[in-house]
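Okay, structure first, notes after.
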Amino acid sequence: MAYKINQDECLGCGACAAECPVNAISEKDGKYVINPDECLECGACAGVCPVGAPAAE
């Protein structure tokens with residue numbers, strides 16, 4: 001199951017995007033989103049997010 005970023009919690013810092021090994025995370029309207037078709041479900045994004053916005057769906 002792919003990860004998803006909670007938009008209410010996302011600070012827009014980009015730490016998650018920098019950590020994603022397959023570049024499945026992109027910025028949209030000041031927040032970050034994960035492309036579920038590209039997500040490897042590795043959890044790297046969740047490990048670096050300062051507020052825990054990314055989580056498994």
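For the structure tokens, the naming scheme is as follows: chains receive sequential letters (A, B, ...) according to their order of presentation, residues are indexed from 1 within each chain, and ligands are indexed from 1 in presentation order.
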Listing only residues of segment 6-30 of chain A within 10 Å of segment 37-52 of chain A, what is the closest atom pair and its distance in Å (to one decimal) for each, using only C-alpha atoms, sorted by chain and residue number ascending, as JSON lines?
{"residue": "A:Asn6", "atom": "CA", "partner": "A:Gly52", "partner_atom": "CA", "distance": 8.6}
{"residue": "A:Glu9", "atom": "CA", "partner": "A:Val51", "partner_atom": "CA", "distance": 6.8}
{"residue": "A:Cys10", "atom": "CA", "partner": "A:Val51", "partner_atom": "CA", "distance": 7.3}
{"residue": "A:Leu11", "atom": "CA", "partner": "A:Val51", "partner_atom": "CA", "distance": 7.9}
{"residue": "A:Cys13", "atom": "CA", "partner": "A:Cys49", "partner_atom": "CA", "distance": 8.6}
{"residue": "A:Gly14", "atom": "CA", "partner": "A:Cys49", "partner_atom": "CA", "distance": 8.6}
{"residue": "A:Ala15", "atom": "CA", "partner": "A:Cys49", "partner_atom": "CA", "distance": 6.2}
{"residue": "A:Cys16", "atom": "CA", "partner": "A:Cys45", "partner_atom": "CA", "distance": 4.3}
{"residue": "A:Ala17", "atom": "CA", "partner": "A:Cys45", "partner_atom": "CA", "distance": 7.1}
{"residue": "A:Ala18", "atom": "CA", "partner": "A:Cys45", "partner_atom": "CA", "distance": 8.4}
{"residue": "A:Glu19", "atom": "CA", "partner": "A:Cys45", "partner_atom": "CA", "distance": 6.0}
{"residue": "A:Cys20", "atom": "CA", "partner": "A:Cys45", "partner_atom": "CA", "distance": 6.1}
{"residue": "A:Pro21", "atom": "CA", "partner": "A:Ala44", "partner_atom": "CA", "distance": 8.1}
{"residue": "A:Val22", "atom": "CA", "partner": "A:Glu38", "partner_atom": "CA", "distance": 7.2}
{"residue": "A:Asn23", "atom": "CA", "partner": "A:Glu38", "partner_atom": "CA", "distance": 8.0}
{"residue": "A:Ala24", "atom": "CA", "partner": "A:Glu38", "partner_atom": "CA", "distance": 5.3}
{"residue": "A:Ile25", "atom": "CA", "partner": "A:Cys39", "partner_atom": "CA", "distance": 8.2}
DSSP helix (DSSP H, G or I) selection over chain A, as an MDAnalysis selection string:
chainID A and resid 15:19 44:48
Taking N, CA and C atoms for each residue, export the selection above as a CSV table (one decimal), in the first residue's frame.
chain,number,residue,atom,x,y,z
A,15,ALA,N,11.6,17.9,2.7
A,15,ALA,CA,12.5,16.8,3.3
A,15,ALA,C,12.1,15.5,2.7
A,16,CYS,N,10.8,15.2,2.6
A,16,CYS,CA,10.4,13.9,2.1
A,16,CYS,C,10.8,13.7,0.6
A,17,ALA,N,10.6,14.7,-0.2
A,17,ALA,CA,11.0,14.6,-1.6
A,17,ALA,C,12.5,14.4,-1.8
A,18,ALA,N,13.3,15.0,-1.0
A,18,ALA,CA,14.7,14.8,-1.1
A,18,ALA,C,15.2,13.4,-0.7
A,19,GLU,N,14.4,12.8,0.1
A,19,GLU,CA,14.8,11.4,0.6
A,19,GLU,C,14.2,10.3,-0.3
A,44,ALA,N,10.9,5.8,3.6
A,44,ALA,CA,12.0,6.8,3.8
A,44,ALA,C,11.5,8.2,4.0
A,45,CYS,N,10.4,8.6,3.3
A,45,CYS,CA,9.8,9.9,3.5
A,45,CYS,C,9.3,10.1,4.9
A,46,ALA,N,8.6,9.1,5.5
A,46,ALA,CA,8.1,9.2,6.8
A,46,ALA,C,9.2,9.3,7.8
A,47,GLY,N,10.3,8.7,7.6
A,47,GLY,CA,11.4,8.8,8.5
A,47,GLY,C,12.1,10.1,8.6
A,48,VAL,N,11.9,11.0,7.6
A,48,VAL,CA,12.6,12.3,7.7
A,48,VAL,C,11.6,13.4,7.9
Please list as a list in words every residue within 6 Å of Lys4 of chain A, counting only C-alpha atoms and excluding residues in the same chain fewer than 5 positions away.
Ile34, Pro54 and Ala55 of chain A
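Put simply, atom CA of Val33 of chain A is 11.9 Å away from atom CA of Asp8 of chain A.
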Can you list, as an NGL selection string, all residues belonging to chain A that DSSP tags as strand (DSSP E)?
:A and (3-5 or 25-28 or 31-34 or 54-56)
